[in-house]
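First comes the structure, then the notes that go with it.
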Amino acid sequence: MNSATLHLRRWKIAIVLTTLVAFIYFGFILLIAYHKEIMGRLITPGLSVGILLGALVIVLSWLITWGYVRWANTTYDATLEAIRREGTR
Amino acid sequence: MIAPHLAAFVQAATGPTQTAAVPATAIGQPNPVAMVFFFLFISITLGITYWAARQTRTAEHFYAAGRTVTAGQNGWALAGDYMSAASFLGIAGLVATTGFDGLIYSTGWLVGWPVVLFLIAEPLRNLGKFTFADVVATRLRQTPVRLAAAVGTLSTVTLYLIAQMVGAGTLIKLMFGLTYESAVIVVGAAMIAYVLFGGMLATTWVQIVKAALLLSGAALLAFMVLLKFHMNPIELFRAAAAQYGDSVLAPGKLVSNPLDTISLGMALMFGTAGLPHILMRFYTVPDARAARKSVFYATGLIGFFYLLTFILGFGAMVLVGPDAIKAIDKGGNMAAPLLAEFLGGTPFLGFIAAVAFATILAVVAGLTLSGAAAISHDLWTSVFRKGKAKDGEELKVARAASLGLGIVAILLGILFKGQNVAFMVGLAFAIAASANFPALVLSIFWRRYTTAGAVASMLTGTIGTLLLIYLSPVIQVDILKEAGAWFSLRNPGIVTIPGSFLVGVVVSLLTRDKLALEAWDASVHDMVVGKVDR
């Protein structure tokens with residue numbers, strides 16, 4: 001593994017996760033734009049689908065960043081450390 | 001005139017048991033508690049500035065706080081830099097007066113942060129020094145790239161600054177009873193003091209103090225709201241629906257044009273990753289790992305804050321009432337302060353007013369610093385002096401630029417008095433998303449990117465966005481009072497973001513940049529491993 005392959009691997013993960021967040025957020029926006037009746041439906045009195053999904057968009061975005069940071073702090077950083085050691089040899 | 005109406009309304013809304021206890025609002029009158037908190041905040045932050053000024057001796061201190069800020073501190077500072085008065089007062093007001101529609105913004109302002117983390121933060125930290133142009137210019141020809149990047153940066157910063165300064169003048173006039181002009185001058189003077197003397201170190205701590213104040217203030221306010229609803233948010237929403245109909249829990253009139261909603265969403269999502277004052281913060285931490293962690297902390301803090309806006313907004317709707325809020329300020333911006341006054345009386349109102357003031361100060365300080373970096377580091381040192389400026393010289397130019405930008409911000413704030421500038425924040429995000437973000441992504445991840453491609457893409461993003469906004473209903477109908485507009489969307493992001501990427505790719509494929517190709521391997525190595533001299 002060298003820095004170019006590690007860069008490429010991070011890039012692929014970055015694209016997949018960015019697409020995932022975009023999918024979640026624009027899914028939410030498209031529902032608001034084209035399916036207002038679904039968003040206004042009440043799950044229980046006081047809680048509409050829209051409010052629940054809005055809170056979920058925020059929580060999911062944060063969870064996905066947590067997933068990335070976990071991967072980067074362990075797998076990515078370990079590989080990077082190996083590359084660094086090889087470079088100094 | 002306003003006060004009796006408000007008192008009557010609040011009494012009606014809260015029922016007969018509380019009639020005697022509801023006071024008329026003290027908003028707009030000098031508030032001793034607000035003054036005390038305000039002077040406390042100013043003295044603490046000026047104390048920090050004095051301490052920071054003694055440690056700011058080089059350009060690296062001035063722009064990047066000597067790269068000694070920890071991941072946790074930077075996470076708080078990013079949150080402080082990002083959570084503007086627009087998001088605190090504006091979203092709470094929007095939710096309180098329209099219900100669900102306001103929450104579209106709460107989510108939109110957050111989803112940009114994962115993008116910052118995945119695509120930008122780490123390569124930026126490893127490749128650049130002080131500005132985002134450092135990264136774009138790494139493999140490309142310095143002069144044209146820096147010039148184009150400075151155009152994008154200064155447009156974003158200026159528009160954002162105007163919106164903040166006009167907002168500051170209006171809000172402080174409403175809350176403290178100061179005149180508009182003196183409010184703008186007070187904000188400008190404090191901001192100049194922080195940036196000019198304390199540089200990035202002082203700015204960082206102003207942002208940390210502000211973020212802590214804003215989050216604790218908002219959390220306390222939300223807690224006091226929930227106390228009235230058995231700590232159950234759903235019970236609060238149910239009360240809102242019972243008083244104003246189930247429609248407040250569903251999308252309403254704000255999203256009349258679906259394409260507009262998507263376009264604004266794109267600008268919010270990709271604009272955050274192109275905001276110069278946010279990007280600059282990643283240079284303050286020691287390495288890419290700290291940059292990564294700091295985004296994670298910031299996303300958590302900002303996400304928590306936007307979840308609180310759900311409760312603040314609906315709390316203000318139920319406890320204060322939309323009509324009472326609109327009676328004080330048509331835009332609904334006083335929803336959170338009014339809610340504070342209802343729950344904790346004049347002292348709590350004073351505290352929240354001071355928090356709103358601190359919020360504006362921290363954001364304008366960050367903006368001014370990033371604008372000064374574009375002028376001194378990109379334009380003066382790299383373009384005018386071809387990279388041969390001495391360190392002391394760059395620091396002097398940076399300080400002069402901060403002072404100049406601060407004065408310009410005050411003058412623009414006074415010039416735009418009474419104008420509708422709400423669209424300028426959306427516009428700043430649109431330019432950041434169309435000019436800065438595509439250039440950063442392409443330069444980090446695309447080997448074939450050329451100087452001509454980068455310059456064409458950044459200029460298309462900036463000029464295209466400004467042109468389409470001019471032709472849109474925002475300027476043509478709302479400001480120039482024309483009957484219609486040539487371009488129908490209120491935010492051009494859906495056209496300009498893909499457009500700028502496309503121009504960058506096509507022009508790069510049509511041109512050759514031998515030096516850029518040759519430098520690719522070395523720059524990938526630097527991006528991943530980091531430069532040795534740091």
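Just remember, in the structure tokens the first chain shown is A, the second B, etc., residues are 1-based per chain, and ligands are 1-based in the order shown.
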Please list as a compact mmCIF listing (two decimals) with all heavy atoms, in the first residue's frame every residue within 8 Å of segment 201-204 of chain B, counting only C-alpha atoms and excluding residues in the same chain fewer than 6 positions away.
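Printed below is out_10.txt as written:
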```
# COMPACT_ATOMS: atom_id res chain seq x y z
N THR B 45 -13.74 38.91 26.37
CA THR B 45 -13.15 38.67 25.05
C THR B 45 -12.00 39.65 24.78
O THR B 45 -11.02 39.28 24.14
CB THR B 45 -14.21 38.79 23.94
OG1 THR B 45 -14.97 39.97 24.15
CG2 THR B 45 -15.12 37.58 23.92
N ILE B 48 -9.07 38.24 26.56
CA ILE B 48 -8.51 37.16 25.74
C ILE B 48 -7.67 37.76 24.61
O ILE B 48 -6.57 37.29 24.32
CB ILE B 48 -9.64 36.28 25.16
CG1 ILE B 48 -10.31 35.46 26.26
CG2 ILE B 48 -9.11 35.36 24.06
CD1 ILE B 48 -11.57 34.74 25.82
N THR B 49 -8.20 38.82 23.99
CA THR B 49 -7.49 39.45 22.88
C THR B 49 -6.14 40.00 23.34
O THR B 49 -5.13 39.85 22.65
CB THR B 49 -8.34 40.60 22.29
OG1 THR B 49 -9.62 40.06 21.94
CG2 THR B 49 -7.69 41.19 21.06
N ALA B 52 -3.92 37.10 23.71
CA ALA B 52 -3.57 36.52 22.40
C ALA B 52 -2.61 37.43 21.64
O ALA B 52 -1.71 36.96 20.94
CB ALA B 52 -4.84 36.29 21.58
N ALA B 53 -2.78 38.75 21.81
CA ALA B 53 -1.95 39.70 21.06
C ALA B 53 -0.48 39.52 21.40
O ALA B 53 0.40 39.69 20.56
CB ALA B 53 -2.40 41.13 21.35
N THR B 56 0.94 36.72 19.32
CA THR B 56 0.79 36.78 17.87
C THR B 56 1.94 37.57 17.28
O THR B 56 1.89 38.79 17.21
CB THR B 56 -0.57 37.41 17.51
OG1 THR B 56 -1.59 36.63 18.14
CG2 THR B 56 -0.81 37.39 16.02
N HIS B 61 1.00 32.66 13.45
CA HIS B 61 0.16 32.92 14.62
C HIS B 61 -1.10 33.66 14.21
O HIS B 61 -2.19 33.36 14.65
CB HIS B 61 0.92 33.78 15.64
CG HIS B 61 1.99 33.03 16.35
ND1 HIS B 61 3.27 33.51 16.48
CD2 HIS B 61 1.98 31.84 16.95
CE1 HIS B 61 4.00 32.63 17.14
NE2 HIS B 61 3.24 31.60 17.44
N PHE B 62 -0.91 34.69 13.37
CA PHE B 62 -2.03 35.56 13.04
C PHE B 62 -3.14 34.81 12.31
O PHE B 62 -4.31 34.97 12.62
CB PHE B 62 -1.54 36.74 12.18
CG PHE B 62 -2.60 37.76 11.93
CD1 PHE B 62 -2.92 38.70 12.89
CD2 PHE B 62 -3.31 37.78 10.74
CE1 PHE B 62 -3.90 39.64 12.68
CE2 PHE B 62 -4.31 38.71 10.51
CZ PHE B 62 -4.60 39.65 11.49
N ALA B 64 -3.29 31.27 11.84
CA ALA B 64 -3.57 29.88 12.19
C ALA B 64 -3.32 29.57 13.67
O ALA B 64 -3.22 28.41 14.05
CB ALA B 64 -2.72 28.95 11.32
N ALA B 65 -3.25 30.63 14.51
CA ALA B 65 -3.06 30.45 15.95
C ALA B 65 -1.88 29.52 16.25
O ALA B 65 -1.91 28.75 17.21
CB ALA B 65 -4.34 29.92 16.61
N ASN B 74 -11.20 23.27 18.45
CA ASN B 74 -11.58 23.66 17.10
C ASN B 74 -13.02 23.25 16.78
O ASN B 74 -13.72 23.95 16.05
CB ASN B 74 -10.61 23.06 16.07
CG ASN B 74 -10.70 23.75 14.73
OD1 ASN B 74 -10.80 24.97 14.66
ND2 ASN B 74 -10.70 22.97 13.66
N ALA B 77 -15.01 25.94 18.22
CA ALA B 77 -14.82 27.18 17.47
C ALA B 77 -15.51 27.11 16.11
O ALA B 77 -16.10 28.09 15.66
CB ALA B 77 -13.33 27.46 17.28
N TYR B 194 -10.67 42.40 18.04
CA TYR B 194 -10.32 40.97 18.14
C TYR B 194 -9.33 40.58 17.05
O TYR B 194 -8.30 39.97 17.31
CB TYR B 194 -11.55 40.08 17.96
CG TYR B 194 -12.67 40.27 18.96
CD1 TYR B 194 -13.99 40.07 18.59
CD2 TYR B 194 -12.39 40.64 20.27
CE1 TYR B 194 -15.02 40.22 19.50
CE2 TYR B 194 -13.42 40.80 21.18
CZ TYR B 194 -14.73 40.60 20.78
OH TYR B 194 -15.75 40.76 21.67
N VAL B 195 -9.69 40.89 15.79
CA VAL B 195 -8.92 40.37 14.66
C VAL B 195 -7.57 41.08 14.54
O VAL B 195 -6.52 40.45 14.41
CB VAL B 195 -9.73 40.52 13.35
CG1 VAL B 195 -8.89 40.07 12.16
CG2 VAL B 195 -11.00 39.69 13.43
N ALA B 362 -18.84 36.86 16.93
CA ALA B 362 -17.93 35.76 16.63
C ALA B 362 -17.93 35.46 15.13
O ALA B 362 -16.88 35.19 14.54
CB ALA B 362 -18.33 34.52 17.42
N ALA B 365 -16.08 38.27 13.14
CA ALA B 365 -14.63 38.22 13.36
C ALA B 365 -14.00 37.15 12.47
O ALA B 365 -12.98 37.38 11.81
CB ALA B 365 -14.32 37.94 14.83
N GLY B 366 -14.62 35.97 12.40
CA GLY B 366 -14.10 34.90 11.55
C GLY B 366 -14.12 35.29 10.08
O GLY B 366 -13.16 35.03 9.34
```
inquiry  = Would you mind listing, as a ChimeraX atom specification, all residues of chain A that have at least one atom within 8 Å of chain B, where only C-alpha atoms are what counts?
reply    = /A:3-4,6-7,11,14-15,17-18,21,25-26,29-30,32-34,36-37,39-41,45-48,50-51,54-55,57-59,61-62,64-66,68-69,73,80,84
request  = Pull the strand (DSSP E or B) assignments for chain A out of DSSP run on the backbone, and list those residues as JSON, numbers by chain.
outcome  = {"A": [42, 43, 44, 47, 48]}
Please produce a file of the residues just selected, as a PDB file, in the first residue's frame, where the atoms kept are C-alpha atoms.
```
ATOM      1  CA  LEU A  42     -49.577  11.992  11.922  1.00  0.00           C
ATOM      2  CA  ILE A  43     -47.827   9.003  13.521  1.00  0.00           C
ATOM      3  CA  THR A  44     -49.322   9.859  16.891  1.00  0.00           C
ATOM      4  CA  LEU A  47     -45.791  13.844  15.738  1.00  0.00           C
ATOM      5  CA  SER A  48     -45.968  14.121  11.952  1.00  0.00           C
TER       6      SER A  48
END
```
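Going from atom CA of Thr5 of chain A to atom CA of Phe130 of chain B covers 27.3 Å.
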Length of the atom CA of Asp378 of chain B to atom CA of Arg146 of chain B vector [Å] = 5.6 Å
Nearest candidate to Ser155 of chain B (options B:Leu510, B:Leu427, B:Ile91, B:Ala519; using only C-alpha atoms) =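 Closest to Ser155 of chain B of all the choices is B:Leu427.
All residues of protein, DNA or RNA that reach within 12 Å of Ile185 of chain B, judged by only C-alpha atoms and not counting those fewer than 6 positions away in the chain, are Met165, Val166, Ala168, Gly169, Ile172, Leu178, Thr179, Met191, Ile192, Leu361, Gly406, Ile407, Val408, Ala409, Ile410, Leu411, Leu412, Gly413 and Ile414 of chain B.
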